[in-house]
Structures are given as structure tokens and as C-alpha cells.
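The file query.txt contains compact mmCIF, C-alpha atoms:
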# COMPACT_ATOMS: atom_id res chain seq x y z
CA MET A 11 -125.96 124.61 72.22
CA GLU A 12 -126.00 125.13 75.94
CA VAL A 13 -125.05 122.20 78.08
CA THR A 14 -126.42 122.24 81.58
CA GLU A 15 -124.50 120.26 84.19
CA PRO A 16 -126.61 118.04 86.43
CA ARG A 17 -126.99 119.56 89.83
CA ILE A 18 -125.81 117.29 92.64
CA PRO A 19 -127.92 117.98 95.68
CA VAL A 20 -126.12 118.19 99.03
CA PRO A 21 -128.18 116.40 101.59
CA PRO A 22 -128.91 118.33 104.72
CA ALA A 23 -127.92 116.92 108.14
CA ILE A 24 -131.35 115.81 109.00
CA GLU A 25 -132.39 114.31 112.33
CA ALA A 26 -132.45 110.68 111.15
CA ASP A 27 -128.77 110.76 110.27
CA LEU A 28 -127.92 112.30 113.58
CA ALA A 29 -129.85 109.59 115.43
CA GLU A 30 -128.08 106.84 113.50
CA GLY A 31 -124.68 108.24 114.33
CA ALA A 32 -125.60 108.53 117.97
CA ALA A 33 -126.73 104.87 118.08
CA ILE A 34 -123.46 103.64 116.55
CA ASN A 35 -121.43 105.70 118.96
CA SER A 36 -123.35 104.40 121.94
CA ILE A 37 -122.79 100.77 120.86
CA ARG A 38 -119.10 101.41 120.44
CA GLU A 39 -118.85 102.93 123.88
CA THR A 40 -120.81 100.21 125.64
CA CYS A 41 -119.34 97.13 123.93
CA LYS A 42 -116.94 94.86 125.79
CA LEU A 43 -113.81 93.64 124.08
CA ILE A 44 -113.52 89.84 124.02
CA PRO A 45 -110.35 88.64 125.70
CA ASP A 46 -107.54 86.89 123.89
CA PRO A 47 -108.90 83.68 122.26
CA ASP A 48 -106.03 81.60 123.62
CA LYS A 49 -107.06 82.33 127.15
CA TRP A 50 -110.70 81.29 126.90
CA LEU A 51 -109.81 78.24 124.75
CA GLU A 52 -107.59 77.01 127.53
CA GLU A 53 -110.32 77.54 130.04
CA GLU A 54 -112.92 75.65 127.97
CA LEU A 55 -110.59 72.82 127.07
CA SER A 56 -109.62 72.30 130.64
CA ARG A 57 -113.22 71.41 131.32
CA ASN A 58 -113.84 69.23 128.24
CA ILE A 59 -110.76 67.22 127.49
CA VAL A 60 -110.80 63.49 128.14
CA VAL A 61 -107.61 61.60 128.81
CA THR A 62 -107.57 57.99 127.58
CA THR A 63 -105.29 55.40 126.13
CA VAL A 64 -104.83 54.95 122.41
CA ASP A 65 -105.95 51.35 122.80
CA ALA A 66 -109.30 52.24 124.25
CA VAL A 67 -110.07 54.78 121.55
CA LEU A 68 -108.94 52.52 118.71
CA ASP A 69 -110.88 49.56 120.04
CA TRP A 70 -113.95 51.69 120.55
CA GLY A 71 -113.73 53.02 117.00
CA ARG A 72 -113.16 49.61 115.47
CA ARG A 73 -115.82 47.96 117.58
CA CYS A 74 -118.54 50.45 116.83
CA SER A 75 -118.12 50.63 113.06
CA VAL A 76 -117.40 47.14 111.82
CA TRP A 77 -118.01 47.01 108.09
CA PRO A 78 -118.81 43.52 106.91
CA VAL A 79 -118.36 41.96 103.50
CA ASN A 80 -120.96 39.27 103.05
CA MET A 81 -120.16 35.91 101.53
CA GLY A 82 -123.65 34.41 101.29
CA LEU A 83 -122.93 30.93 99.97
CA ALA A 84 -126.05 28.95 100.78
CA CYS A 85 -129.41 28.99 102.56
CA CYS A 86 -127.98 30.54 105.76
CA ALA A 87 -127.60 33.71 103.72
CA PHE A 88 -131.33 34.33 104.12
CA GLU A 89 -130.90 34.54 107.87
CA MET A 90 -128.14 37.04 107.28
CA ILE A 91 -130.43 39.06 105.01
CA ALA A 92 -133.17 38.93 107.65
CA MET A 93 -130.67 40.16 110.20
CA ALA A 94 -129.72 43.07 107.98
CA ASN A 95 -133.32 44.15 107.48
CA ALA A 96 -135.47 46.33 109.67
CA ARG A 97 -136.75 43.69 112.07
CA PHE A 98 -133.37 42.71 113.48
CA ASP A 99 -131.50 45.70 112.11
CA ILE A 100 -127.74 45.47 112.40
CA ALA A 101 -127.58 49.24 111.85
CA ARG A 102 -127.90 49.39 115.63
CA PHE A 103 -124.34 48.06 115.80
CA GLY A 104 -122.87 50.49 113.29
CA MET A 105 -122.74 47.95 110.44
CA GLU A 106 -125.65 48.89 108.24
CA PHE A 107 -123.74 48.57 104.99
CA LEU A 108 -123.16 45.10 103.63
CA ARG A 109 -120.05 45.85 101.64
CA PRO A 110 -119.84 44.14 98.29
CA SER A 111 -116.25 45.35 98.15
CA PRO A 112 -113.70 43.65 100.37
CA ARG A 113 -111.34 46.62 100.23
CA GLN A 114 -113.59 48.74 102.43
CA ALA A 115 -114.50 45.95 104.82
CA ASP A 116 -112.97 44.59 107.99
CA LEU A 117 -115.28 41.69 108.80
CA LEU A 118 -115.87 38.70 106.52
CA TRP A 119 -119.06 36.72 106.99
CA VAL A 120 -118.83 33.23 105.56
CA VAL A 121 -122.46 32.16 105.51
CA GLY A 122 -123.27 28.64 104.33
CA THR A 123 -121.69 25.70 102.57
CA LEU A 124 -118.30 26.36 101.06
CA THR A 125 -117.43 24.17 98.09
CA TRP A 126 -113.92 23.54 96.86
CA LYS A 127 -114.73 25.30 93.62
CA MET A 128 -115.64 28.47 95.56
CA ALA A 129 -112.68 28.25 97.95
CA PRO A 130 -110.15 30.18 95.80
CA ALA A 131 -112.60 33.07 95.42
CA LEU A 132 -113.15 33.22 99.18
CA LYS A 133 -109.41 33.13 99.84
CA ARG A 134 -108.89 35.91 97.36
CA ILE A 135 -111.57 38.09 98.97
CA TYR A 136 -109.98 37.52 102.36
CA ASP A 137 -106.57 38.47 101.01
CA GLN A 138 -107.96 41.69 99.54
CA MET A 139 -109.29 42.91 102.88
CA PRO A 140 -107.09 45.41 104.75
CA GLU A 141 -105.75 44.69 108.23
CA PRO A 142 -107.12 44.46 110.88
CA LYS A 143 -109.72 41.93 109.73
CA TRP A 144 -111.97 39.39 111.34
CA VAL A 145 -113.88 36.36 110.08
CA MET A 146 -117.18 34.91 111.27
CA ALA A 147 -118.20 31.39 110.22
CA ILE A 148 -121.99 31.28 110.27
CA GLY A 149 -123.87 27.99 110.08
CA VAL A 150 -122.81 24.40 110.62
CA CYS A 151 -121.60 23.96 107.04
CA ALA A 152 -119.23 26.90 107.34
CA ILE A 153 -117.96 25.66 110.71
CA SER A 154 -117.26 22.03 109.85
CA GLY A 155 -118.90 21.09 106.57
CA GLY A 156 -122.02 19.94 108.42
CA THR A 157 -123.94 17.14 106.76
CA PHE A 158 -121.77 17.53 103.67
CA ARG A 159 -118.51 16.98 105.55
CA GLU A 160 -117.84 13.65 103.81
CA SER A 161 -118.86 15.00 100.42
CA TYR A 162 -116.50 15.14 97.49
CA SER A 163 -117.15 18.80 96.80
CA VAL A 164 -117.43 20.56 100.19
CA VAL A 165 -114.66 22.13 102.27
CA PRO A 166 -114.80 20.54 105.75
CA GLY A 167 -114.85 23.82 107.65
CA VAL A 168 -113.83 27.32 106.62
CA ASN A 169 -111.00 27.22 109.16
CA CYS A 170 -109.19 24.89 106.77
CA ILE A 171 -108.38 27.92 104.62
CA LEU A 172 -109.05 31.04 106.78
CA PRO A 173 -108.47 31.95 110.43
CA VAL A 174 -111.93 32.22 112.03
CA ASP A 175 -112.70 34.47 115.02
CA VAL A 176 -116.32 33.65 115.83
CA TYR A 177 -118.31 30.48 115.09
CA VAL A 178 -122.10 30.75 115.02
CA PRO A 179 -123.64 27.25 115.03
CA GLY A 180 -127.11 26.40 113.75
CA CYS A 181 -128.73 24.94 110.66
CA PRO A 182 -129.44 27.71 109.96
CA PRO A 183 -128.72 29.97 112.94
CA ARG A 184 -131.49 32.40 113.77
CA PRO A 185 -130.79 36.12 113.25
CA GLU A 186 -130.59 36.55 117.03
CA GLY A 187 -127.83 33.95 117.05
CA ILE A 188 -125.86 35.87 114.48
CA LEU A 189 -126.40 39.08 116.48
CA TYR A 190 -125.04 37.30 119.56
CA GLY A 191 -122.02 36.28 117.50
CA ILE A 192 -121.54 39.90 116.50
CA SER A 193 -121.66 41.01 120.13
CA LEU A 194 -119.05 38.37 120.98
CA LEU A 195 -116.89 39.70 118.17
CA HIS A 196 -117.32 43.22 119.59
CA GLN A 197 -116.05 41.97 122.94
CA LYS A 198 -113.10 40.35 121.24
CA ILE A 199 -112.21 43.54 119.37
CA GLY A 200 -112.56 45.48 122.64
CA ARG A 201 -109.94 43.27 124.27
CA SER A 202 -107.34 43.69 121.57
CA THR A 203 -104.33 45.99 122.05
CA ILE A 204 -102.18 47.59 119.42
CA GLN A 205 -99.22 46.96 121.66
CA GLY A 206 -99.58 43.25 121.24
CA GLN A 207 -100.14 43.53 117.53
CA LEU A 208 -97.18 45.85 117.13
CA ALA A 209 -94.94 43.68 119.27
CA ASP A 210 -95.88 40.65 117.20
CA LYS A 211 -95.22 42.54 113.98
CA ILE A 212 -91.88 43.84 115.22
CA GLU A 213 -90.86 40.36 116.26
CA GLU A 214 -91.91 39.08 112.85
CA TRP A 215 -89.88 41.78 111.10
CA LYS A 216 -86.87 41.03 113.29
CA GLN A 217 -87.01 37.36 112.41
CA LYS A 218 -87.38 38.23 108.75
CA MET A 219 -84.44 40.65 108.86
CA LYS A 220 -82.32 38.09 110.66
CA LEU A 221 -83.21 35.47 108.11
CA GLU A 222 -82.47 37.84 105.24
CA ALA A 223 -79.16 38.87 106.77
CA TYR A 224 -78.32 35.21 107.28
CA LEU A 225 -79.27 34.29 103.74
CA GLY A 226 -77.44 37.34 102.38
CA GLY A 227 -74.30 36.30 104.26
CA MET A 228 -74.57 32.84 102.83
CA TRP A 229 -74.91 34.07 99.30
CA ARG A 230 -72.02 36.44 99.66
CA MET X 26 -151.87 20.14 80.69
CA THR X 27 -149.17 18.37 78.77
CA VAL X 28 -150.27 14.97 77.46
CA ALA X 29 -147.76 12.16 77.87
CA LEU X 30 -147.78 10.17 74.62
CA LYS X 31 -148.00 6.40 74.86
CA ALA X 32 -144.47 5.19 74.30
CA GLU X 33 -145.66 1.93 72.74
CA THR X 34 -147.53 3.62 69.88
CA VAL X 35 -144.74 6.10 69.26
CA GLY X 36 -142.24 3.24 69.41
CA GLN X 37 -144.11 1.37 66.69
CA LYS X 38 -143.96 4.38 64.39
CA VAL X 39 -140.25 4.87 65.09
CA ALA X 40 -139.67 1.18 64.39
CA GLN X 41 -141.43 1.53 61.04
CA ALA X 42 -139.13 4.43 60.13
CA PHE X 43 -135.97 2.60 61.24
CA PRO X 44 -136.42 -1.11 60.57
CA THR X 45 -132.79 -1.94 61.29
CA ALA X 46 -132.62 -0.31 64.71
CA ILE X 47 -133.42 -2.33 67.83
CA ILE X 48 -136.16 -0.33 69.49
CA THR X 49 -138.05 -1.45 72.54
CA ALA X 50 -140.81 0.43 74.22
CA ASP X 51 -142.47 -0.09 77.55
CA LYS X 52 -145.28 1.83 79.17
CA GLU X 53 -143.27 4.94 79.95
CA ALA X 54 -140.39 5.20 77.56
CA ILE X 55 -138.82 4.30 74.26
CA ILE X 56 -135.49 2.58 74.73
CA VAL X 57 -132.97 2.67 71.90
CA PRO X 58 -129.33 1.62 71.70
CA PRO X 59 -126.77 4.44 71.65
CA ASP X 60 -125.88 3.71 67.99
CA SER X 61 -129.30 4.71 66.70
CA LEU X 62 -130.06 7.34 69.33
CA PHE X 63 -129.19 10.35 67.21
CA GLN X 64 -131.28 9.11 64.27
CA VAL X 65 -134.30 8.49 66.48
CA ALA X 66 -133.91 11.87 68.19
CA HIS X 67 -133.64 13.56 64.82
CA PHE X 68 -136.73 11.73 63.64
CA LEU X 69 -138.73 12.69 66.74
CA LYS X 70 -137.73 16.31 66.43
CA ASN X 71 -138.31 16.77 62.71
CA THR X 72 -141.40 14.65 62.07
CA PRO X 73 -144.37 17.04 61.87
CA GLU X 74 -146.56 14.51 63.64
CA PHE X 75 -144.44 14.65 66.83
CA ASP X 76 -142.46 17.92 66.56
CA PHE X 77 -140.51 17.56 69.80
CA ASP X 78 -138.86 20.97 69.70
CA TYR X 79 -137.94 21.22 73.37
CA LEU X 80 -135.64 19.07 75.53
CA THR X 81 -136.97 19.45 79.05
CA SER X 82 -134.21 17.59 80.77
CA LEU X 83 -131.35 15.24 80.16
CA THR X 84 -130.06 13.08 82.96
CA ALA X 85 -128.37 9.76 83.63
CA VAL X 86 -128.65 6.90 86.11
CA ASP X 87 -126.08 4.32 87.07
CA TYR X 88 -127.66 0.86 87.44
CA LEU X 89 -124.27 -0.85 87.95
CA ASP X 90 -124.96 -3.20 84.99
CA TYR X 91 -125.42 -0.29 82.63
CA PHE X 92 -125.73 3.47 82.43
CA GLU X 93 -129.07 4.86 81.33
CA VAL X 94 -129.28 8.31 79.75
CA ILE X 95 -132.79 9.75 79.83
CA TYR X 96 -134.22 12.45 77.58
CA HIS X 97 -137.49 14.16 78.47
CA LEU X 98 -138.91 15.59 75.26
CA THR X 99 -141.73 18.09 74.95
CA SER X 100 -143.55 19.57 71.98
CA LEU X 101 -144.55 23.15 72.61
CA ARG X 102 -146.76 23.11 69.54
CA TYR X 103 -148.86 20.01 70.34
CA ASP X 104 -148.28 20.17 74.12
CA HIS X 105 -147.32 16.52 74.44
CA SER X 106 -144.29 14.83 75.93
CA LEU X 107 -142.27 11.64 75.63
CA VAL X 108 -139.44 9.92 77.48
CA LEU X 109 -136.55 8.56 75.46
CA LYS X 110 -133.90 6.36 77.03
CA THR X 111 -130.67 4.81 75.96
CA ARG X 112 -128.59 2.17 77.69
CA CYS X 113 -124.86 1.94 77.65
CA TYR X 114 -123.34 -1.32 78.88
CA GLU X 115 -119.73 -0.28 78.87
CA ARG X 116 -118.17 0.84 82.13
CA GLU X 117 -114.76 2.23 81.15
CA ARG X 118 -115.67 4.61 78.35
CA PRO X 119 -119.46 4.76 78.02
CA THR X 120 -120.30 6.66 74.85
CA VAL X 121 -123.59 8.22 73.78
CA PRO X 122 -123.90 10.57 70.79
CA SER X 123 -124.48 14.22 71.60
CA VAL X 124 -127.81 15.88 70.78
CA VAL X 125 -126.56 19.46 71.12
CA SER X 126 -126.97 19.94 67.38
CA LEU X 127 -130.70 19.17 67.79
CA TRP X 128 -131.42 20.91 71.09
CA GLN X 129 -129.08 23.63 72.31
CA GLY X 130 -130.23 23.13 75.89
CA ALA X 131 -128.43 19.81 76.00
CA ASP X 132 -125.09 21.60 76.15
CA LEU X 133 -124.89 22.20 79.90
CA GLN X 134 -126.71 19.03 80.84
CA GLU X 135 -124.43 16.80 78.81
CA ARG X 136 -121.47 18.50 80.43
CA GLU X 137 -123.02 17.81 83.83
CA VAL X 138 -123.56 14.13 83.00
CA TYR X 139 -120.01 13.89 81.73
CA ASP X 140 -118.69 15.57 84.88
CA LEU X 141 -120.56 13.49 87.44
CA MET X 142 -121.12 10.19 85.57
CA GLY X 143 -118.25 10.05 83.12
CA ILE X 144 -120.37 9.40 80.04
CA ILE X 145 -118.71 10.72 76.89
CA PHE X 146 -120.80 12.54 74.29
CA PRO X 147 -119.06 12.59 70.89
CA GLY X 148 -120.17 15.60 68.88
CA HIS X 149 -120.43 17.91 71.87
CA PRO X 150 -118.76 21.28 71.10
CA ASN X 151 -117.18 21.82 74.53
CA LEU X 152 -117.16 18.67 76.60
CA LYS X 153 -115.31 19.48 79.82
CA ARG X 154 -116.04 19.49 83.54
CA ILE X 155 -118.66 21.97 84.73
CA PHE X 156 -119.27 21.54 88.49
CA LEU X 157 -115.95 20.07 89.53
CA TRP X 158 -112.50 21.27 88.65
CA GLU X 159 -109.99 19.97 86.16
CA GLY X 160 -107.93 17.27 87.79
CA PHE X 161 -110.67 15.92 90.05
CA PRO X 162 -110.20 12.16 90.37
CA GLY X 163 -113.10 10.08 89.06
CA HIS X 164 -116.79 10.78 88.55
CA PRO X 165 -118.54 11.08 91.90
CA LEU X 166 -122.13 10.12 91.03
CA ARG X 167 -121.11 6.66 89.85
CA ARG X 168 -122.19 3.93 92.20
CA ASP X 169 -118.67 2.54 92.49
CA TYR X 170 -117.14 5.88 93.46
CA LEU X 171 -115.62 6.17 96.99
Target format C-alpha cells, applied to this file:
Amino acid sequence: MEVTEPRIPVPPAIEADLAEGAAINSIRETCKLIPDPDKWLEEELSRNIVVTTVDAVLDWGRRCSVWPVNMGLACCAFEMIAMANARFDIARFGMEFLRPSPRQADLLWVVGTLTWKMAPALKRIYDQMPEPKWVMAIGVCAISGGTFRESYSVVPGVNCILPVDVYVPGCPPRPEGILYGISLLHQKIGRSTIQGQLADKIEEWKQKMKLEAYLGGMWR
Amino acid sequence: MTVALKAETVGQKVAQAFPTAIITADKEAIIVPPDSLFQVAHFLKNTPEFDFDYLTSLTAVDYLDYFEVIYHLTSLRYDHSLVLKTRCYERERPTVPSVVSLWQGADLQEREVYDLMGIIFPGHPNLKRIFLWEGFPGHPLRRDYL
């Protein structure tokens, strides 16, 4: 049986191939090599870099993305809900999420009457929040107990158990009032410096170390 | 519309069933002493003529001379209602028998009355404070609290 090998045709150098090669060669000849990336990066950066203090950047970041955890305890909570919705829209201030989890939040809203039975839960939520954290007391009942101040079951003011940064009075406060409180809190955050916080912490640690050393010496 | 039964006519029938119990009835309510309360409640629930299968509410009032525990009964079958009251003249340990075994809904409300008024309900499965915390001094809805 005769086996015929397949013939492989050799393509002729036709004009299309020649034109393609000529085009590639012309591009290679006319192209400009880009200079060393380091050089143009330096040039661009020199026009775009902003020099600032760490304080200003940190405060700006914290101020513009405050994540609240909402503690809606009584009727004032409806004003808070209205504030979160489209008409008053706290998303304009970078706080569109009402965090049900305290571990991702840095602002605690205490909205409404706080009873003694609820107080341990509120304290626990506050303790679970990471530093730095702020607290807003919204409504007369949260500020001082309000009409229920003399009652047997109501905490006379949230500041009995938590440090409060901003008080928003009203029974209930209107959503605009709460927004004004938020803007005041933004101003407060904008004024804070890490230097002060750090210095306070360092002083605290020093005192603690001293105390421990003192106690250790006594025990020895 | 739920028809409020005349307490006087119902009271007469209850008095026929329990001749020994002291039962008084005025325009609005049947008033029984705490001793015979459970019997009367059982009778009102299980008599086919009345069939009060639903306890709408259970509450208490402090009139300083006595505590009054009030039961609002409703029959879903006949769509009629009745008010049953009992008076407790003791101040230190007022005691009224529990009706949880007749109406399950009395569970929370008896706990509430115990918490705020200090009335004790023997026969309740879990009689402890509900709104206030353990260790709270006194019962704050009593008139002599403060």
C-alpha cells in the first residue's frame, strides 16, 4: 500500500506580508522610549503631594465617617429613625449605617428613657465599643430622667453611668435638633488631638507602672 | 360587639351553685372573697352556659383599706364578657389564688401584680419579679410606697 505524505505548501512572499512588515518596522523606528519611571513619578508627585499634620488627617477621617450604634429606648427613637431616613438623611454626614453591632461603631446614641433594668445592657454595649468612642444623649429623659426623674425605675440621666459628649434636649427633639447635635459632635472631634490622648495615656501608664512597682516592692 | 352580661343575674346563678360562698354582685361586677375565687372562676369557665374561655386582663387596685384584684373575662364562643373581682383585706401578705391553671394568659399578669403590688398568688408556677429586679425594696404601685 502506498502512503502519500501530505504536502506542506510554502507560502509565497506576497505583498500583504511585505506591507505588514513595513508597518511594524516604521512603528519601531518612530516610537519614543518612555523615560525612567522614577523620574516622571517624582515630577508628578512634586505637584500633587499635600503636607499636613497627622492630627488633621485623623480628625478629618474620624469626623467624616462616624458610625453610630443606636440605642432606641423610647419614643425619641422615632425621631432618630426619621433622621436616618431620606427626608433628613444622615448619609450626608457619612453615617448612613445604623450599626446594630457595637464593635464596629464609634458613636453611641442613647435615645429615650433609660430604666435601671436596661442600664447594665447599655453599659455593656458601651464597654464593647472600641476607642475612640463618643456618646450622645438624645431627649430629656436621656439627659436627666425628664418627667420620670423621681420614678423608682428610671435612671436620672445617662451621665450617671456613661460619659456623655453631646446633649440634645427636647421632648422629643426634632430631627433637625439631632442633626445639629451631630454637627456639634463633628466640631468636637475636629478639635481633638492624638497628642493629648497619647500624653494622657502615657501618664496613665506611668502612674500604673509606678503603682505596680510600689506594690511589688511592698510584697517583696 | 361583645355583650356585657348583667353581673346581678350571673351572680345569682353562681350563688345557687355555691351556697356557702359569700357572693355579692353590683351593676358591673361579681365580687367574691379570695377563698372561693378559684371555685367561682372554674365554674364560670367550665359551665357551658357561660364558657368564659378567655381572660382579657388581670389587674389590681390599692384602695388603702383593701386590695382589689380584677378579672375581665370574655367568652369567644358567645361573645359576652363579665367582670369578676376579689377583695383582700390583709396588708402584709395579701393572698389570692392563682388562675394560671385555668387561663394561661394570667401567668405574666399575675407576675406583674406581684411585682408592683405585692399580692401573692399561691399556685402560680413561677412567681417572681418581672419588671423590676431581684432585690428591689418594696412594691412601688402600692399607695403607701415612697
Could you build a table of the residues in chain A lying no more than 12 Å from chain X, giving for each the nearest pair of atoms and their separation in Å rounded to one decimal place, using only C-alpha atoms, ordered by chain and ascending residue number, as CSV?
residue,atom,partner,partner_atom,distance
A:Thr125,CA,X:Leu157,CA,9.6
A:Trp126,CA,X:Leu157,CA,8.4
A:Lys127,CA,X:Leu157,CA,6.8
A:Met128,CA,X:Leu157,CA,10.3
A:Ala129,CA,X:Trp158,CA,11.6
A:Pro130,CA,X:Trp158,CA,11.7
A:Glu160,CA,X:Leu171,CA,10.4
A:Ser161,CA,X:Pro165,CA,9.4
A:Tyr162,CA,X:Pro165,CA,7.2
A:Ser163,CA,X:Leu157,CA,7.5
A:Val164,CA,X:Leu157,CA,10.8
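Shortest separation to Glu141 in chain A among A:Arg17, A:Arg159, A:Lys198, A:Arg72 occurs at residue A:Arg72, atoms counted being only C-alpha atoms.
Separating CA of Asp51 in chain X from CA of Thr120 in chain X is a distance of 23.3 Å.
Counting all atoms listed in the file and comparing X:Asp87, X:Asp132, X:Asp60, X:Asp104, the residue that lies closest to Tyr170 in chain X is X:Asp87.
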- Task: Please provide the set of residues having any atom within 6 Å of Ala147 in chain A, restricted to all atoms listed in the file, with same-chain residues fewer than 6 positions apart removed, written as number ranges by chain.
- Result: A: 120, 153, 177
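Checking A:Arg113, A:Lys211, A:Arg38, A:Arg102 one by one against Val79 in chain A, counting only C-alpha atoms, you find the shortest gap at A:Arg113.
Computed from the coordinates, the CA of Gln134 in chain X to CA of Val121 in chain X distance equals 13.3 Å.
Each of A:Ala115, A:Ala92, A:Ile135, A:Val176 was compared to Leu194 in chain A using all atoms listed in the file, and A:Val176 turns out to be the nearest.
Between Asn71 in chain X and the candidates X:Gly160, X:Trp128, X:Thr45, X:Ser123, the tightest atom-to-atom separation, counting all atoms listed in the file, involves X:Trp128.
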Separating CA of Glu117 in chain X from CA of His97 in chain X, to the nearest tenth of an Å, is a gap of 25.8 Å
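Those residues positioned at most 8 Å from (-137.1, 21.0, 75.3) are Phe77, Asp78, Tyr79, Leu80, Thr81, Ser82, His97, Leu98, Thr99, Ser100, Trp128 and Gly130 of chain X, judged using only C-alpha atoms.
For Val94 in chain X, the residues within 6 Å (counting only C-alpha atoms, excluding itself and residues fewer than 3 positions away along the chain) are Thr84, Ala85, Lys110 and Thr111 of chain X.
Within a radius of 12 Å around (-132.8, -1.1, 70.8), the polymer residues are Gly36, Val39, Ala40, Phe43, Pro44, Thr45, Ala46, Ile47, Ile48, Thr49, Ala50, Asp51, Ala54, Ile55, Ile56, Val57, Pro58, Pro59, Asp60, Ser61, Leu62, Val65, Leu109, Lys110, Thr111, Arg112 and Cys113 of chain X, counting only C-alpha atoms.
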